[in-house]
file data-v6.txt (compact mmCIF, C-alpha atoms)
# COMPACT_ATOMS: atom_id res chain seq x y z
CA MET S 13 26.77 5.92 18.82
CA ALA S 14 26.04 3.53 15.95
CA ALA S 15 24.75 4.98 12.68
CA VAL S 16 23.27 1.62 11.67
CA PHE S 17 21.39 -0.58 14.14
CA LYS S 18 18.66 -3.17 14.36
CA ILE S 19 15.14 -2.17 15.39
CA ILE S 20 12.13 -4.13 16.58
CA PRO S 21 9.04 -3.90 14.33
CA THR S 22 5.49 -4.62 15.46
CA THR S 23 2.91 -7.08 14.14
CA GLN S 24 -0.79 -6.47 13.56
CA LYS S 25 -3.54 -9.09 13.46
CA TYR S 26 -6.49 -8.14 11.23
CA ASP S 27 -9.22 -10.39 9.91
CA TRP S 28 -7.95 -10.16 6.32
CA GLY S 29 -4.44 -11.38 7.11
CA LYS S 30 -2.93 -14.71 6.11
CA ILE S 31 -3.15 -17.42 8.73
CA GLY S 32 -0.18 -18.55 10.80
CA LEU S 33 3.03 -19.33 8.96
CA SER S 34 1.39 -18.88 5.55
CA SER S 35 1.84 -15.16 6.31
CA LYS S 36 5.09 -13.39 5.44
CA VAL S 37 4.50 -11.28 8.55
CA ALA S 38 4.55 -14.36 10.79
CA GLN S 39 7.43 -15.90 8.84
CA TYR S 40 9.57 -12.81 9.39
CA ALA S 41 8.59 -12.53 13.06
CA VAL S 42 9.59 -16.15 13.67
CA ALA S 43 12.76 -15.98 11.57
CA CYS S 44 14.14 -12.95 13.43
CA LYS S 45 12.97 -14.19 16.85
CA LEU S 46 10.89 -11.06 17.36
CA PRO S 47 10.81 -10.26 21.10
CA ASP S 48 7.55 -11.11 22.87
CA PHE S 49 6.18 -12.80 19.74
CA THR S 50 4.49 -16.18 20.14
CA LEU S 51 3.12 -17.76 17.00
CA ASP S 52 -0.58 -18.61 16.98
CA ALA S 53 -0.99 -21.04 14.08
CA ASN S 54 -4.65 -20.02 13.68
CA ALA S 55 -4.26 -16.23 13.88
CA PRO S 56 -4.36 -13.85 10.89
CA TYR S 57 -1.03 -12.03 10.73
CA ALA S 58 -1.78 -9.06 8.48
CA GLU S 59 0.87 -6.36 8.90
CA LEU S 60 4.42 -5.73 10.09
CA TRP S 61 5.03 -2.06 10.95
CA MET S 62 8.43 -0.39 10.75
CA GLY S 63 8.62 3.26 11.73
CA THR S 64 7.70 5.88 14.29
CA HIS S 65 3.91 6.14 13.90
CA HIS S 66 2.47 6.58 17.38
CA THR S 67 -0.10 3.82 16.91
CA SER S 68 2.55 1.09 16.88
CA PRO S 69 6.10 2.48 17.05
CA SER S 70 9.29 0.52 16.44
CA ARG S 71 11.91 0.29 19.19
CA LEU S 72 15.62 -0.26 19.52
CA LEU S 73 16.84 -3.54 21.04
CA SER S 74 17.25 -1.60 24.30
CA GLY S 75 13.50 -0.92 24.35
CA GLU S 76 13.84 2.80 23.58
CA LYS S 77 11.35 4.11 21.03
CA LEU S 78 12.94 4.81 17.67
CA SER S 79 11.38 8.29 17.64
CA GLU S 80 12.92 9.13 21.02
CA HIS S 81 16.34 7.95 19.86
CA LEU S 82 16.12 10.00 16.68
CA ALA S 83 15.03 13.09 18.63
CA ALA S 84 18.04 12.67 20.92
CA HIS S 85 20.39 12.15 17.96
CA PRO S 86 19.13 14.50 15.21
CA GLU S 87 22.13 13.75 12.98
CA LEU S 88 20.50 10.37 12.26
CA MET S 89 17.50 12.14 10.74
CA GLY S 90 19.65 14.68 8.91
CA ALA S 91 19.28 18.45 9.07
CA ARG S 92 17.69 18.84 5.63
CA VAL S 93 15.04 16.17 6.21
CA ALA S 94 14.31 17.53 9.70
CA GLU S 95 13.67 20.97 8.22
CA ARG S 96 11.82 19.79 5.09
CA PHE S 97 9.42 17.59 7.08
CA LYS S 98 9.15 19.55 10.32
CA ASP S 99 5.35 19.71 9.93
CA ALA S 100 5.33 15.88 10.07
CA GLY S 101 7.29 15.98 13.33
CA ALA S 102 10.72 15.16 11.90
CA GLN S 103 12.45 17.48 14.36
CA GLU S 104 10.85 15.45 17.17
CA GLY S 105 12.16 12.20 15.73
CA ASN S 106 9.17 11.20 13.60
CA LEU S 107 9.94 9.75 10.19
CA PRO S 108 7.89 11.14 7.29
CA PHE S 109 7.18 7.61 6.04
CA LEU S 110 5.79 4.36 7.45
CA PHE S 111 7.13 1.06 6.11
CA LYS S 112 5.12 -2.17 6.25
CA VAL S 113 4.84 -5.76 5.14
CA LEU S 114 1.29 -6.91 4.35
CA ALA S 115 0.11 -10.53 4.03
CA ILE S 116 -3.35 -10.58 2.44
CA GLU S 117 -5.70 -13.58 2.48
CA LYS S 118 -9.04 -11.74 2.24
CA ALA S 119 -9.64 -8.54 0.32
CA LEU S 120 -9.10 -5.30 2.16
CA SER S 121 -11.85 -2.70 2.18
CA ILE S 122 -12.82 -0.52 -0.77
CA GLN S 123 -10.99 2.56 0.36
CA THR S 124 -9.15 5.75 -0.39
CA HIS S 125 -6.82 8.00 1.54
CA PRO S 126 -7.38 11.74 1.97
CA ASP S 127 -5.14 14.47 0.65
CA LYS S 128 -3.54 16.80 3.18
CA GLU S 129 -6.38 19.33 3.22
CA MET S 130 -9.07 16.66 3.64
CA ALA S 131 -7.02 14.82 6.28
CA GLU S 132 -6.78 17.96 8.38
CA ARG S 133 -10.55 18.49 8.17
CA LEU S 134 -11.42 14.86 8.95
CA HIS S 135 -9.01 14.75 11.89
CA LYS S 136 -10.57 17.89 13.30
CA GLU S 137 -14.13 16.59 12.83
CA ARG S 138 -13.61 12.92 13.77
CA PRO S 139 -10.33 12.44 15.67
CA ASP S 140 -11.65 9.14 17.02
CA VAL S 141 -11.74 7.75 13.46
CA TYR S 142 -9.15 9.82 11.57
CA LYS S 143 -6.35 9.79 14.10
CA ASP S 144 -3.85 12.10 12.40
CA SER S 145 -3.91 15.06 10.03
CA ASN S 146 -1.52 13.76 7.39
CA HIS S 147 -2.15 12.55 3.86
CA LYS S 148 -1.36 8.95 2.91
CA PRO S 149 -0.06 8.35 -0.61
CA GLU S 150 1.26 4.79 -0.74
CA MET S 151 3.24 2.33 -2.84
CA ALA S 152 2.86 -1.46 -2.86
CA LEU S 153 5.74 -3.64 -4.05
CA ALA S 154 4.98 -7.33 -4.57
CA LEU S 155 6.88 -10.01 -2.64
CA THR S 156 4.65 -12.79 -4.03
CA PRO S 157 2.01 -12.68 -6.81
CA PHE S 158 -0.27 -9.86 -5.70
CA GLN S 159 -3.77 -8.89 -6.82
CA ALA S 160 -5.35 -5.49 -6.33
CA MET S 161 -8.17 -3.28 -7.51
CA CYS S 162 -6.94 0.25 -8.20
CA GLY S 163 -8.38 3.30 -9.90
CA PHE S 164 -11.40 3.55 -12.16
CA VAL S 165 -11.44 1.60 -15.41
CA PRO S 166 -11.55 3.59 -18.66
CA LEU S 167 -14.99 5.08 -19.24
CA ALA S 168 -15.73 3.03 -22.37
CA GLN S 169 -14.98 -0.18 -20.47
CA LEU S 170 -17.31 0.84 -17.64
CA ALA S 171 -20.05 1.66 -20.16
CA ALA S 172 -19.66 -1.78 -21.74
CA ARG S 173 -19.97 -3.46 -18.35
CA LEU S 174 -23.06 -1.44 -17.47
CA ARG S 175 -24.67 -2.66 -20.69
CA ALA S 176 -23.55 -6.27 -20.20
CA ALA S 177 -24.59 -6.79 -16.56
CA PRO S 178 -28.25 -5.99 -15.87
CA GLU S 179 -27.77 -6.60 -12.15
CA PHE S 180 -25.09 -3.89 -12.04
CA ALA S 181 -27.08 -1.52 -14.26
CA ALA S 182 -30.12 -1.89 -11.99
CA LEU S 183 -28.27 0.03 -9.25
CA VAL S 184 -27.90 3.15 -11.40
CA PRO S 185 -30.98 5.31 -12.09
CA SER S 186 -31.71 5.55 -15.81
CA THR S 187 -31.22 9.33 -15.86
CA ILE S 188 -27.66 8.89 -14.52
CA SER S 189 -26.76 5.97 -16.79
CA SER S 190 -28.18 7.74 -19.86
CA GLN S 191 -26.12 10.82 -19.13
CA PHE S 192 -23.03 8.65 -18.60
CA PHE S 193 -23.54 6.79 -21.92
CA SER S 194 -24.00 10.13 -23.69
CA VAL S 195 -20.77 11.53 -22.27
CA VAL S 196 -18.81 8.39 -23.21
CA ALA S 197 -20.20 8.43 -26.77
CA ASP S 198 -19.46 12.13 -27.32
CA ALA S 199 -16.04 12.36 -28.98
CA SER S 200 -15.84 16.06 -28.11
CA VAL S 201 -15.88 15.34 -24.37
CA ASP S 202 -12.45 15.16 -22.75
CA PRO S 203 -12.43 11.85 -20.79
CA THR S 204 -10.17 13.50 -18.20
CA GLY S 205 -12.22 16.69 -17.97
CA PRO S 206 -14.83 17.87 -15.47
CA GLN S 207 -17.86 16.68 -17.49
CA ALA S 208 -16.58 13.11 -17.71
CA LYS S 209 -15.53 13.10 -14.06
CA ALA S 210 -18.95 14.33 -12.96
CA ALA S 211 -20.67 11.60 -14.96
CA LEU S 212 -18.38 8.94 -13.44
CA LYS S 213 -18.94 10.32 -9.95
CA ASN S 214 -22.71 10.10 -10.41
CA VAL S 215 -22.50 6.44 -11.42
CA PHE S 216 -20.16 5.53 -8.57
CA ALA S 217 -22.21 7.43 -5.99
CA ALA S 218 -25.43 5.77 -7.18
CA VAL S 219 -23.91 2.31 -6.74
CA MET S 220 -22.27 2.95 -3.38
CA THR S 221 -25.40 4.56 -1.89
CA ALA S 222 -27.87 2.00 -3.29
CA ASP S 223 -30.31 0.65 -0.74
CA ALA S 224 -29.68 -2.90 0.50
CA ALA S 225 -33.22 -3.83 -0.56
CA LEU S 226 -32.13 -3.05 -4.13
CA PHE S 227 -28.54 -4.23 -4.36
CA GLN S 228 -28.64 -7.45 -2.31
CA PRO S 229 -31.19 -9.24 -4.53
CA GLN S 230 -29.32 -8.01 -7.61
CA LEU S 231 -26.07 -9.35 -6.18
CA GLU S 232 -27.68 -12.71 -5.51
CA ASN S 233 -28.92 -12.81 -9.11
CA LEU S 234 -25.48 -11.87 -10.42
CA VAL S 235 -23.72 -14.57 -8.42
CA LYS S 236 -26.23 -17.23 -9.49
CA ARG S 237 -25.76 -16.26 -13.14
CA TYR S 238 -21.97 -16.34 -12.87
CA GLU S 239 -22.02 -19.67 -11.05
CA ALA S 240 -24.17 -21.05 -13.87
CA GLY S 241 -21.55 -19.91 -16.39
CA ASP S 242 -23.79 -17.30 -18.03
CA VAL S 243 -21.28 -14.52 -18.67
CA HIS S 244 -21.23 -11.88 -21.41
CA ASP S 245 -17.97 -10.95 -23.13
CA ALA S 246 -17.69 -7.51 -21.50
CA GLU S 247 -17.86 -9.02 -18.01
CA LYS S 248 -15.69 -12.11 -18.42
CA ASP S 249 -12.77 -10.42 -16.72
CA VAL S 250 -14.78 -9.62 -13.57
CA ARG S 251 -16.55 -12.96 -13.02
CA GLU S 252 -13.82 -14.63 -10.95
CA LEU S 253 -13.25 -11.51 -8.86
CA VAL S 254 -16.97 -11.05 -8.17
CA LEU S 255 -17.29 -14.64 -6.98
CA ARG S 256 -14.18 -14.36 -4.82
CA LEU S 257 -15.30 -11.12 -3.17
CA HIS S 258 -18.83 -12.42 -2.63
CA SER S 259 -17.49 -15.56 -0.95
CA GLN S 260 -15.57 -13.37 1.49
CA PHE S 261 -18.16 -10.61 1.95
CA PRO S 262 -21.57 -12.03 0.98
CA GLY S 263 -24.20 -9.41 0.29
CA ASP S 264 -21.72 -6.49 0.38
CA ILE S 265 -22.12 -3.53 -1.98
CA GLY S 266 -18.34 -3.48 -2.41
CA VAL S 267 -18.54 -6.55 -4.64
CA PHE S 268 -19.93 -4.31 -7.40
CA CYS S 269 -16.69 -2.32 -7.35
CA ALA S 270 -15.24 -5.17 -9.41
CA PHE S 271 -17.10 -3.62 -12.37
CA MET S 272 -15.77 -0.10 -11.77
CA LEU S 273 -12.15 -0.54 -10.70
CA ASN S 274 -9.13 -1.94 -12.52
CA HIS S 275 -8.07 -5.42 -11.44
CA LEU S 276 -4.40 -6.24 -11.85
CA THR S 277 -1.89 -8.88 -10.81
CA LEU S 278 1.71 -7.96 -9.98
CA ASN S 279 4.63 -10.37 -10.03
CA PRO S 280 7.37 -10.14 -7.39
CA GLY S 281 9.40 -6.98 -7.95
CA GLU S 282 6.54 -5.06 -9.60
CA ALA S 283 4.93 -2.07 -7.87
CA ILE S 284 1.95 0.28 -7.96
CA PHE S 285 1.56 3.78 -6.56
CA LEU S 286 -1.73 5.12 -5.23
CA ALA S 287 -2.02 8.85 -4.77
CA ALA S 288 -4.55 10.45 -2.45
CA GLY S 289 -8.09 10.17 -3.75
CA GLU S 290 -7.58 6.95 -5.75
CA PRO S 291 -10.05 4.15 -4.91
CA HIS S 292 -8.45 0.77 -4.30
CA ALA S 293 -8.59 -2.54 -2.49
CA TYR S 294 -5.82 -5.07 -2.12
CA VAL S 295 -7.17 -8.55 -2.90
CA SER S 296 -4.46 -11.14 -2.18
CA GLY S 297 -0.72 -11.70 -1.84
CA ASP S 298 2.28 -10.46 0.15
CA ILE S 299 3.73 -6.99 -0.34
CA VAL S 300 6.10 -4.42 1.03
CA GLU S 301 4.19 -1.16 1.41
CA CYS S 302 5.47 2.34 2.03
CA MET S 303 3.37 5.42 2.72
CA ALA S 304 3.45 8.87 4.20
CA THR S 305 3.26 8.44 7.95
CA SER S 306 -0.48 8.25 8.43
CA ASP S 307 -3.13 5.69 9.30
CA ASN S 308 -6.06 7.53 7.70
CA VAL S 309 -8.38 5.29 5.69
CA ILE S 310 -11.81 6.22 4.28
CA ARG S 311 -13.77 2.98 3.75
CA ALA S 312 -16.97 2.21 1.88
CA GLY S 313 -17.25 -1.55 1.30
CA LEU S 314 -15.84 -5.04 1.89
CA THR S 315 -15.31 -4.34 5.58
CA PRO S 316 -16.93 -4.79 8.99
CA LYS S 317 -15.33 -1.49 10.04
CA LEU S 318 -16.87 1.97 9.91
CA ARG S 319 -17.96 2.99 6.43
CA ASP S 320 -17.80 6.64 5.47
CA VAL S 321 -19.43 6.65 2.04
CA PRO S 322 -20.08 10.42 1.83
CA ASN S 323 -16.45 11.32 2.44
CA LEU S 324 -15.19 8.57 0.14
CA VAL S 325 -17.44 9.74 -2.70
CA ALA S 326 -16.43 13.36 -2.07
CA GLY S 327 -12.70 12.64 -1.80
CA LEU S 328 -12.00 10.73 -5.02
CA THR S 329 -10.25 12.22 -8.05
CA TYR S 330 -12.42 10.33 -10.60
CA ASN S 331 -9.49 9.79 -12.90
CA ALA S 332 -10.40 6.92 -15.23
CA ALA S 333 -7.50 5.11 -16.90
CA SER S 334 -6.04 1.67 -17.45
CA ALA S 335 -4.28 -0.07 -14.58
CA SER S 336 -0.91 0.68 -16.16
CA LYS S 337 -1.27 4.29 -15.01
CA HIS S 338 -0.60 3.12 -11.46
CA LEU S 339 2.50 1.06 -12.20
CA VAL S 340 5.83 2.33 -10.87
CA SER S 341 8.67 2.05 -13.38
CA PRO S 342 11.80 0.91 -11.53
CA ARG S 343 15.25 2.12 -12.47
CA PRO S 344 18.79 1.49 -11.24
CA PHE S 345 19.51 2.97 -7.82
CA SER S 346 22.55 4.64 -9.38
CA ASP S 347 20.16 7.03 -11.14
CA LEU S 348 20.05 8.93 -7.86
CA GLY S 349 23.63 10.00 -8.34
CA ASN S 350 25.94 7.15 -7.37
CA SER S 351 29.35 7.96 -8.87
CA ALA S 352 30.19 4.25 -8.80
CA ALA S 353 27.23 3.44 -11.03
CA ALA S 354 28.89 0.43 -12.61
CA ALA S 355 29.11 -1.26 -9.22
CA VAL S 356 25.36 -1.00 -8.56
CA THR S 357 23.99 -3.93 -10.53
CA HIS S 358 21.64 -5.56 -8.03
CA SER S 359 19.73 -2.57 -6.61
CA THR S 360 16.53 -1.19 -8.11
CA LEU S 361 14.87 2.11 -7.21
CA TYR S 362 11.11 2.65 -6.95
CA ASP S 363 10.60 6.39 -6.71
CA PRO S 364 6.95 7.56 -6.74
CA PRO S 365 6.06 11.20 -7.45
CA ILE S 366 5.89 12.33 -3.83
CA PRO S 367 8.66 13.62 -1.50
CA GLU S 368 8.11 11.47 1.60
CA PHE S 369 9.70 8.21 0.48
CA ALA S 370 11.31 5.97 -2.10
CA VAL S 371 12.19 2.27 -1.87
CA VAL S 372 15.27 0.36 -3.04
CA ARG S 373 15.18 -3.38 -3.62
CA ALA S 374 18.63 -4.94 -3.38
CA ALA S 375 18.68 -8.55 -4.60
CA LEU S 376 22.17 -10.02 -4.34
CA PRO S 377 23.13 -13.53 -5.41
CA MET S 378 25.25 -15.51 -2.97
CA ALA S 379 28.63 -14.00 -2.15
CA ALA S 380 27.85 -10.81 -4.13
CA ARG S 381 28.66 -7.34 -2.82
CA GLU S 382 27.08 -3.98 -3.58
CA THR S 383 27.72 -0.39 -2.50
CA HIS S 384 24.87 2.01 -1.69
CA ARG S 385 25.81 5.67 -1.81
CA PRO S 386 25.15 7.82 1.28
CA VAL S 387 21.53 8.91 1.40
CA ASP S 388 20.81 12.42 2.70
CA GLY S 389 18.13 11.19 5.05
CA PRO S 390 17.12 8.22 7.23
CA SER S 391 16.36 4.68 6.01
CA ILE S 392 14.61 1.59 7.33
CA ALA S 393 15.45 -1.75 5.72
CA ILE S 394 14.10 -5.29 6.10
CA VAL S 395 15.71 -8.51 4.95
CA THR S 396 12.99 -10.27 2.97
CA GLU S 397 15.12 -13.23 1.85
CA GLY S 398 18.42 -14.82 2.79
CA ARG S 399 21.22 -13.51 4.94
CA GLY S 400 24.38 -11.44 4.76
CA ALA S 401 25.89 -8.33 6.28
CA VAL S 402 26.05 -4.56 5.95
CA SER S 403 29.15 -2.53 6.77
CA TRP S 404 29.81 1.20 6.95
CA GLY S 405 32.16 3.91 8.14
CA ALA S 406 35.90 4.40 8.20
CA GLN S 407 36.28 1.87 11.00
CA GLY S 408 34.56 -0.83 8.96
CA GLU S 409 31.66 -1.33 11.36
CA ARG S 410 29.60 -4.37 10.43
CA LEU S 411 26.14 -5.79 11.15
CA GLU S 412 25.10 -9.34 10.36
CA VAL S 413 21.52 -9.49 9.03
CA ALA S 414 19.13 -12.32 8.19
CA GLU S 415 15.56 -12.87 6.98
CA GLY S 416 12.98 -10.92 8.94
CA GLU S 417 15.45 -8.58 10.61
CA VAL S 418 14.91 -4.84 10.36
CA PHE S 419 17.59 -2.18 10.65
CA PHE S 420 17.85 1.60 10.61
CA VAL S 421 20.43 3.55 8.59
CA GLY S 422 21.27 7.11 9.59
CA ALA S 423 21.47 10.04 7.20
CA GLY S 424 24.66 10.39 5.20
CA VAL S 425 25.85 6.82 5.75
CA GLY S 426 27.08 4.79 2.81
CA LEU S 427 26.56 1.03 2.97
CA GLU S 428 28.46 -1.98 1.74
CA ILE S 429 25.99 -4.85 1.36
CA GLU S 430 27.26 -8.42 1.21
CA ALA S 431 25.33 -11.64 0.65
CA ALA S 432 26.30 -14.79 2.51
CA GLN S 433 28.70 -17.18 0.79
CA ARG S 434 26.07 -19.89 0.30
CA GLU S 435 22.88 -17.84 0.35
CA GLY S 436 21.54 -14.85 -1.53
CA LEU S 437 20.25 -11.68 0.13
CA VAL S 438 17.20 -9.53 -0.66
CA ILE S 439 16.71 -6.26 1.21
CA HIS S 440 13.90 -3.74 0.81
CA ARG S 441 14.98 -0.31 2.00
CA ALA S 442 12.70 2.70 2.44
CA PHE S 443 14.31 6.13 2.66
CA VAL S 444 13.65 9.84 2.38
CA GLU S 445 15.75 12.70 1.07
CA ALA S 446 14.97 16.42 1.09
CA LYS S 447 14.78 16.85 -2.67
call {"tool": "encode", "arguments": {"input": "data-v6.txt", "output": "structure tokens"}}
result
Amino acid sequence: MAAVFKIIPTTQKYDWGKIGLSSKVAQYAVACKLPDFTLDANAPYAELWMGTHHTSPSRLLSGEKLSEHLAAHPELMGARVAERFKDAGAQEGNLPFLFKVLAIEKALSIQTHPDKEMAERLHKERPDVYKDSNHKPEMALALTPFQAMCGFVPLAQLAARLRAAPEFAALVPSTISSQFFSVVADASVDPTGPQAKAALKNVFAAVMTADAALFQPQLENLVKRYEAGDVHDAEKDVRELVLRLHSQFPGDIGVFCAFMLNHLTLNPGEAIFLAAGEPHAYVSGDIVECMATSDNVIRAGLTPKLRDVPNLVAGLTYNAASASKHLVSPRPFSDLGNSAAAAVTHSTLYDPPIPEFAVVRAALPMAARETHRPVDGPSIAIVTEGRGAVSWGAQGERLEVAEGEVFFVGAGVGLEIEAAQREGLVIHRAFVEAK
């Protein structure tokens, strides 16, 4: 039985996806000759899924579900991971993470993901909407320039925007805005404490629950003012985003989230982490995304799908900070204990503060080689650029890999990664260890 083998991912078409071959998802599906995939040049290819989630599970080339194969061969999961994540179904062959590629043309919904306790409650109350009971912390790693809204802006910045944009301020009752301004101005108030969080929650709730008869005319006025070039200093950095979101979702309350959430752009190789309860919306670009194995999303704007404003308002942490708080600081993969640290020069680790997953980005120039230490848990890897090979084991087993191909690596298997002689190789590899 092979410890490393190719698997077949699945593609998802959602309205916000990039069209045809402009999408990394479609590019990878075509490049690897994904079985049963026929390119529709006019379709939005939004996501590529790699994992065992029951909604769209990956399979072996034989057609067997990956989860069934892992259940039949538990050594591939690893005993420690199977025990550590047994509540997530690891002993039945279910990986504790879900790995994806996203190709974003239109903004995704204003959303958050529940923590474990909230996920269990929502799944029990609305299993038709919240289809599993797991939490969903997630990390996004840019493949191309990537824009996102994530987390609340610092309170002073939000106060300045409320004062600068009368259309935005009109959605917040004066009693709530006055209290918010008072809290922001009071130097004795901890901006991370309960009083500040309550004031922020009141502002956000007022905006997100505003009646359409109030917010739609105000949004029209705001857009007309921005289109005319009438922009105050405190709102200059939201003008372009407001116009973009309004062009995609005209008359949607979610457009006003541009005033309340951080807006950042990541370059390829940069990453953000979003814990449960953090509001966010991906705006544009191509990314690799890894998350705890869940499909739970609580939405409240910029979407034709079901909106659950009460649960979104109730489930947020209301931590206000600059966008840099969400950035993941990469470090050499050798930091995880590789004794041959000097040999690991092309592999970078992105390790968010949760146990379910980490991601390694291996970017090898042509003809380069790199050794990855054995990982005490399972991995899924995708070739995002180029071609090469991976080899493992005492018998020197070898697998040729090329752009778009996805492969599984069993627990405890060290890898030798080799780029092609005339072409570089970039691999993104998600894994879990029982820390």
call {"tool": "residues_around", "arguments": {"input": "data-v6.txt", "residues": "segment 109-114 of chain S", "least_positions_apart": "6", "cutoff": "9 Å", "atoms": "all atoms listed in the file", "output": "number ranges by chain"}}
result
S: 29, 35-37, 57-65, 297-306, 368-369, 392-393, 441-444
call {"tool": "atom_distance", "arguments": {"input": "data-v6.txt", "atom1": "atom CA of Pro377 of chain S", "atom2": "atom CA of Leu276 of chain S"}}
result
29.2 Å
call {"tool": "residues_near_point", "arguments": {"input": "data-v6.txt", "point": "(-25.4, -7.9, -11.9)", "cutoff": "6 Å", "atoms": "only C-alpha atoms", "output": "mmCIF file with C-alpha atoms, in the frame of the given file"}}
result
data_model
loop_
_atom_site.group_PDB
_atom_site.id
_atom_site.type_symbol
_atom_site.label_atom_id
_atom_site.label_comp_id
_atom_site.auth_asym_id
_atom_site.auth_seq_id
_atom_site.Cartn_x
_atom_site.Cartn_y
_atom_site.Cartn_z
ATOM 1 C CA ALA S 177 -24.590 -6.790 -16.560
ATOM 2 C CA PRO S 178 -28.250 -5.990 -15.870
ATOM 3 C CA GLU S 179 -27.770 -6.600 -12.150
ATOM 4 C CA PHE S 180 -25.090 -3.890 -12.040
ATOM 5 C CA GLN S 230 -29.320 -8.010 -7.610
ATOM 6 C CA LEU S 231 -26.070 -9.350 -6.180
ATOM 7 C CA LEU S 234 -25.480 -11.870 -10.420
#
call {"tool": "atom_distance", "arguments": {"input": "data-v6.txt", "atom1": "atom CA of Leu46 of chain S", "atom2": "atom CA of Ile20 of chain S"}}
result
7.1 Å
call {"tool": "residues_around", "arguments": {"input": "data-v6.txt", "residues": "Leu33 of chain S", "least_positions_apart": "3", "cutoff": "9 Å", "atoms": "all atoms listed in the file", "output": "NGL selection string"}}
result
:S and (30 or 36-39 or 42 or 51-53 or 57)
call {"tool": "residues_around", "arguments": {"input": "data-v6.txt", "residues": "Arg133 of chain S", "least_positions_apart": "6", "cutoff": "10 Å", "atoms": "only C-alpha atoms", "output": "list of chain:residue names"}}
result
S:Pro126, S:Pro139, S:Tyr142, S:Ser145
call {"tool": "atom_distance", "arguments": {"input": "data-v6.txt", "atom1": "atom CA of Lys98 of chain S", "atom2": "atom CA of Ala131 of chain S"}}
result
17.3 Å
call {"tool": "residues_around", "arguments": {"input": "data-v6.txt", "residues": "Ala172 of chain S", "least_positions_apart": "4", "cutoff": "7 Å", "atoms": "only C-alpha atoms", "output": "ChimeraX atom specification"}}
result
/S:168,176,246
call {"tool": "residues_around", "arguments": {"input": "data-v6.txt", "residues": "segment 249-264 of chain S", "least_positions_apart": "4", "cutoff": "7 Å", "atoms": "all atoms listed in the file", "output": "ChimeraX atom specification"}}
result
/S:118,228,231,235,238,270-271,313-314
call {"tool": "closest_residue", "arguments": {"input": "data-v6.txt", "among": "S:Ala380, S:Leu107, S:Ala43, S:Ala287", "to": "Val93 of chain S", "atoms": "only C-alpha atoms"}}
result
S:Leu107
call {"tool": "closest_residue", "arguments": {"input": "data-v6.txt", "among": "S:Thr315, S:Thr221, S:Gln123, S:Asn308", "to": "Glu290 of chain S", "atoms": "only C-alpha atoms"}}
result
S:Gln123
call {"tool": "axis_aligned_box", "arguments": {"input": "data-v6.txt", "around": "segment 399-415 of chain S", "padding_each_side": "8 Å", "output": "AutoDock Vina command-line options"}}
result
--center_x 25.9 --center_y -4.6 --center_z 8.1 --size_x 36.7 --size_y 33.9 --size_z 22.6
call {"tool": "closest_residue", "arguments": {"input": "data-v6.txt", "among": "S:Gly241, S:Pro229, S:Gly90, S:Pro203", "to": "Val421 of chain S", "atoms": "only C-alpha atoms"}}
result
S:Gly90
call {"tool": "closest_residue", "arguments": {"input": "data-v6.txt", "among": "S:Ala333, S:Ala370, S:Met151, S:Met161", "to": "Asn274 of chain S", "atoms": "all atoms listed in the file"}}
result
S:Met161
call {"tool": "closest_residue", "arguments": {"input": "data-v6.txt", "among": "S:Ile439, S:Val413, S:Ala119, S:Leu78", "to": "Val371 of chain S", "atoms": "only C-alpha atoms"}}
result
S:Ile439
call {"tool": "decode", "arguments": {"input": "data-v6.txt", "residues": "segment 166-182 of chain S", "atoms": "C-alpha atoms", "output": "mmCIF file, in the first residue's frame"}}
result
data_model
loop_
_atom_site.group_PDB
_atom_site.id
_atom_site.type_symbol
_atom_site.label_atom_id
_atom_site.label_comp_id
_atom_site.auth_asym_id
_atom_site.auth_seq_id
_atom_site.Cartn_x
_atom_site.Cartn_y
_atom_site.Cartn_z
ATOM 1 C CA PRO S 166 -9.624 50.445 15.516
ATOM 2 C CA LEU S 167 -12.316 52.329 17.413
ATOM 3 C CA ALA S 168 -10.841 55.782 16.781
ATOM 4 C CA GLN S 169 -10.813 55.108 13.036
ATOM 5 C CA LEU S 170 -14.450 54.011 13.112
ATOM 6 C CA ALA S 171 -15.382 57.139 15.067
ATOM 7 C CA ALA S 172 -13.648 59.313 12.462
ATOM 8 C CA ARG S 173 -15.555 57.604 9.660
ATOM 9 C CA LEU S 174 -18.868 58.023 11.462
ATOM 10 C CA ARG S 175 -18.175 61.746 11.708
ATOM 11 C CA ALA S 176 -16.991 62.038 8.097
ATOM 12 C CA ALA S 177 -19.802 60.151 6.329
ATOM 13 C CA PRO S 178 -23.284 61.475 7.134
ATOM 14 C CA GLU S 179 -24.901 58.678 5.117
ATOM 15 C CA PHE S 180 -23.201 56.082 7.332
ATOM 16 C CA ALA S 181 -23.931 58.013 10.531
ATOM 17 C CA ALA S 182 -27.619 58.226 9.606
#
